[in-house]
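See below for the structure under consideration.
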Amino acid sequence: MSSFHVLIAGGGIGGLCLAQGLRRRGISCAVYESAPGIVQAGYRLHMNAAGGGALRQCLPDDLYELYVQTSREKPRRECLVLLDHRARELGTRPHIGPANDPERPHTAVNRRTLRQIMSVGLEDVLHFGRTACGFEDDGQRVRLLFTDGSAASGDVLVAADGIRSAVRGQLLPHVATVDTGLRGVASRAPLTDELAAALPAELFDGFVTASGPDGVVFAYGAYQPRRPVAEAVAELAPGADIDPVEPYMMVNFGLPRGGPSAARIPELWSATPDQLHAAMRAAVTGWHPGLAELVEHVDPDTLFRQSIRHLEPAEPWETSRVTLLGDAIHAMPPTFGAGANSALRDAAALTNALQRAAEGESALPAAIAEYEADLRAEVFPVLRASADPRSTSSDFLPDELPVAHR
């Protein structure tokens, strides 16, 4: 099938990984991303062996090495740590995923850096400013439709266009999006030596949350690359459009619902960054001095607002030339740090399935059906656990979730 061509709607984590995997296997593809470029859409991403293994499979060796070298250095403890507002440890929970690499474990990345790395070499197939709005499937070919009235044609269409996926909306209109009602503010603070010395040691573990007596919750994640990003890029991908990134601490503020502290929070969507930063500072009054100082160092220009939503697991659907990956089919809350890893896992699995179809080892419908059945078996349990109200507890770890060391 020398003319076999794959359309990918969405150039996020999963879509780019799939494109790299297909290109590595010699399969033609094109990626259509609605944004004008690789925009800032978040900060630190937790990585586990499922996501890291997918990158090893899909990326060229030099780009995989660049991912590893620009990943966070090995943390003190690779686990979730729950603290109270005085930085006293309340409990821990292991990260989910298969056994990690003991020498250079998968840790965490800067989201935009990873997307920029995965864009290298795709310049001829990555199309920005193209917003998908639907598709047409005649059983032989599929056409991806865009809001500007244009279209693209291929053998397979992969929806990688996130929780608001227009492709999923047409293919599986019954799949519900659940608004948890949780709102938050993501931000980051430059991680200077002076600030690092003032912080509790626990903040340098895998991922950390701290909760106050009035319902305020902060989440923290350090990003300290194994090697300076610019230095690693100069050696492994000279000339690539990858921005330098200095060490930082991600600081996410979970807005309380009800209670006295909620009255001090401005309206999320209309508040200015300075107003939101002021609310964060007020929320940590009386907290551990290091945690309060960290909020003082937050750069207001890095603040952006978040709504926590997820999809309901879809019932098995009829396989066609249109399939899905990542948030387009299993968007989940961040409680297990599994969203990006699951999207990468999907991309690697779908790469294998489409290679079998392109090389004639399997009929295309059978290959896609096998991929979709595997996705439902492997990822939907993670989605259900992540959306469970108990998922913020250190004691909640369902048996069906893969954990290297319980």
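Numbering starts fresh at 1 for the residues of each chain in the structure tokens, the chains themselves are lettered A, B, ... in the order given, and ligands are numbered from 1 as they appear.
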
TODO: Please return as a VMD selection string: the residues of segment 111-224 of chain A that backbone DSSP assigns to alpha helix (DSSP H).
DONE: chain A and resid 111 to 119 166 to 171 193 to 198

Neighbouring residues of Arg111 of chain A were defined as those with any atom within 8 Å, considering only C-alpha atoms; residues of the same chain fewer than 5 positions away were excluded. Please report them as a compact mmCIF listing (two decimals) with N, CA, C and O atoms, in the first residue's frame.
```txt
# COMPACT_ATOMS: atom_id res chain seq x y z
N ALA A 41 0.68 25.55 26.39
CA ALA A 41 -0.60 24.96 26.79
C ALA A 41 -0.47 24.21 28.10
O ALA A 41 -1.24 23.29 28.38
N GLY A 42 0.48 24.59 28.91
CA GLY A 42 0.73 23.90 30.18
C GLY A 42 2.21 23.90 30.46
O GLY A 42 3.02 24.36 29.65
N TYR A 43 2.57 23.37 31.60
CA TYR A 43 3.96 23.42 32.01
C TYR A 43 4.53 22.02 32.16
O TYR A 43 4.80 21.33 31.20
N ARG A 44 4.68 21.58 33.36
CA ARG A 44 5.38 20.33 33.63
C ARG A 44 4.45 19.14 33.40
O ARG A 44 3.30 19.14 33.82
N LEU A 45 4.97 18.10 32.73
CA LEU A 45 4.23 16.86 32.52
C LEU A 45 4.97 15.72 33.20
O LEU A 45 6.17 15.51 32.97
```

Open item on the list: Env of Ala159 of chain A: 6 Å cut, atoms = only C-alpha atoms, seq-sep filter 5 positions within chain, self excluded. Answer as a VMD selection string.
Closed with: chain A and resid 9 167 324

TODO: Give the answer as one residue: which of A:Ala189, A:Ala367, A:Leu172, A:Leu7 has the shortest atom-to-atom distance to Val142 of chain A, using only C-alpha atoms?
DONE: A:Leu7

Could you pull out the residues in segment 182-216 of chain A that DSSP calls strand (DSSP E or B) from the backbone, as a tab-separated table (two decimals) with all heavy atoms, in the first residue's frame?
```tsv
chain	number	residue	atom	x	y	z
A	182	LEU	N	-14.36	21.67	39.35
A	182	LEU	CA	-13.09	22.13	39.90
A	182	LEU	C	-12.44	23.14	38.97
A	182	LEU	O	-12.42	22.95	37.75
A	182	LEU	CB	-12.15	20.94	40.12
A	182	LEU	CG	-12.64	19.88	41.11
A	182	LEU	CD1	-11.70	18.69	41.12
A	182	LEU	CD2	-12.79	20.47	42.51
A	183	ARG	N	-11.93	24.20	39.54
A	183	ARG	CA	-11.25	25.24	38.78
A	183	ARG	C	-9.89	25.50	39.42
A	183	ARG	O	-9.70	25.25	40.61
A	183	ARG	CB	-12.07	26.54	38.78
A	183	ARG	CG	-13.47	26.38	38.21
A	183	ARG	CD	-13.45	26.15	36.72
A	183	ARG	NE	-14.79	26.09	36.15
A	183	ARG	CZ	-15.47	24.96	35.93
A	183	ARG	NH1	-14.92	23.80	36.26
A	183	ARG	NH2	-16.67	24.98	35.40
A	184	GLY	N	-8.98	26.01	38.64
A	184	GLY	CA	-7.66	26.26	39.18
A	184	GLY	C	-6.88	27.25	38.37
A	184	GLY	O	-7.31	27.73	37.32
A	185	VAL	N	-5.70	27.55	38.88
A	185	VAL	CA	-4.76	28.45	38.24
A	185	VAL	C	-3.42	27.76	38.19
A	185	VAL	O	-2.91	27.30	39.22
A	185	VAL	CB	-4.64	29.78	39.01
A	185	VAL	CG1	-3.61	30.68	38.35
A	185	VAL	CG2	-5.99	30.49	39.08
A	186	ALA	N	-2.85	27.63	37.00
A	186	ALA	CA	-1.51	27.06	36.84
A	186	ALA	C	-0.51	28.20	36.73
A	186	ALA	O	-0.82	29.26	36.17
A	186	ALA	CB	-1.44	26.17	35.61
A	187	SER	N	0.68	27.99	37.27
A	187	SER	CA	1.71	29.02	37.21
A	187	SER	C	3.06	28.37	37.45
A	187	SER	O	3.15	27.16	37.72
A	187	SER	CB	1.46	30.10	38.28
A	187	SER	OG	1.63	29.55	39.59
A	188	ARG	N	4.10	29.17	37.35
A	188	ARG	CA	5.42	28.65	37.68
A	188	ARG	C	6.28	29.75	38.28
A	188	ARG	O	6.06	30.94	38.04
A	188	ARG	CB	6.09	28.03	36.47
A	188	ARG	CG	6.51	28.97	35.38
A	188	ARG	CD	7.01	28.18	34.17
A	188	ARG	NE	7.86	28.98	33.29
A	188	ARG	CZ	8.36	28.55	32.15
A	188	ARG	NH1	8.09	27.32	31.73
A	188	ARG	NH2	9.13	29.32	31.42
A	189	ALA	N	7.26	29.32	39.08
A	189	ALA	CA	8.20	30.23	39.72
A	189	ALA	C	9.61	29.82	39.35
A	189	ALA	O	9.93	28.62	39.37
A	189	ALA	CB	8.03	30.19	41.25
A	190	PRO	N	10.48	30.77	38.98
A	190	PRO	CA	11.87	30.42	38.67
A	190	PRO	C	12.53	29.75	39.87
A	190	PRO	O	12.43	30.24	41.00
A	190	PRO	CB	12.51	31.77	38.37
A	190	PRO	CG	11.37	32.69	38.04
A	190	PRO	CD	10.21	32.21	38.85
A	207	PHE	N	5.80	14.29	42.71
A	207	PHE	CA	4.75	15.29	42.57
A	207	PHE	C	4.16	15.49	43.94
A	207	PHE	O	4.07	14.54	44.73
A	207	PHE	CB	3.68	14.83	41.58
A	207	PHE	CG	2.75	15.94	41.15
A	207	PHE	CD1	3.20	16.94	40.32
A	207	PHE	CD2	1.43	15.97	41.58
A	207	PHE	CE1	2.35	17.98	39.91
A	207	PHE	CE2	0.58	16.99	41.19
A	207	PHE	CZ	1.04	18.00	40.35
A	208	VAL	N	3.75	16.71	44.26
A	208	VAL	CA	3.39	17.05	45.64
A	208	VAL	C	2.11	17.88	45.65
A	208	VAL	O	1.91	18.75	44.80
A	208	VAL	CB	4.52	17.86	46.31
A	208	VAL	CG1	4.20	18.11	47.79
A	208	VAL	CG2	5.86	17.14	46.18
A	209	THR	N	1.24	17.59	46.61
A	209	THR	CA	0.10	18.47	46.87
A	209	THR	C	0.14	18.87	48.34
A	209	THR	O	0.61	18.12	49.20
A	209	THR	CB	-1.26	17.78	46.58
A	209	THR	OG1	-1.46	16.71	47.51
A	209	THR	CG2	-1.29	17.25	45.16
A	210	ALA	N	-0.35	20.07	48.61
A	210	ALA	CA	-0.48	20.55	49.98
A	210	ALA	C	-1.87	21.13	50.15
A	210	ALA	O	-2.34	21.89	49.30
A	210	ALA	CB	0.58	21.61	50.29
A	211	SER	N	-2.52	20.77	51.24
A	211	SER	CA	-3.90	21.22	51.46
A	211	SER	C	-3.99	21.98	52.77
A	211	SER	O	-3.36	21.63	53.77
A	211	SER	CB	-4.85	20.01	51.49
A	211	SER	OG	-4.42	19.05	52.44
```

Task: Residue with smallest distance to Glu378 of chain A - pool A:Leu354, A:Ala338, A:Leu311, A:Leu90, counting only C-alpha atoms - done: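 Comparing A:Leu354, A:Ala338, A:Leu311, A:Leu90 against Glu378 of chain A, the winner is A:Ala338.
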
Task: Residue nearest Glu202 of chain A among A:Arg86, A:His5, A:Arg309, A:Arg321 (counting only C-alpha atoms) - done: A:Arg86
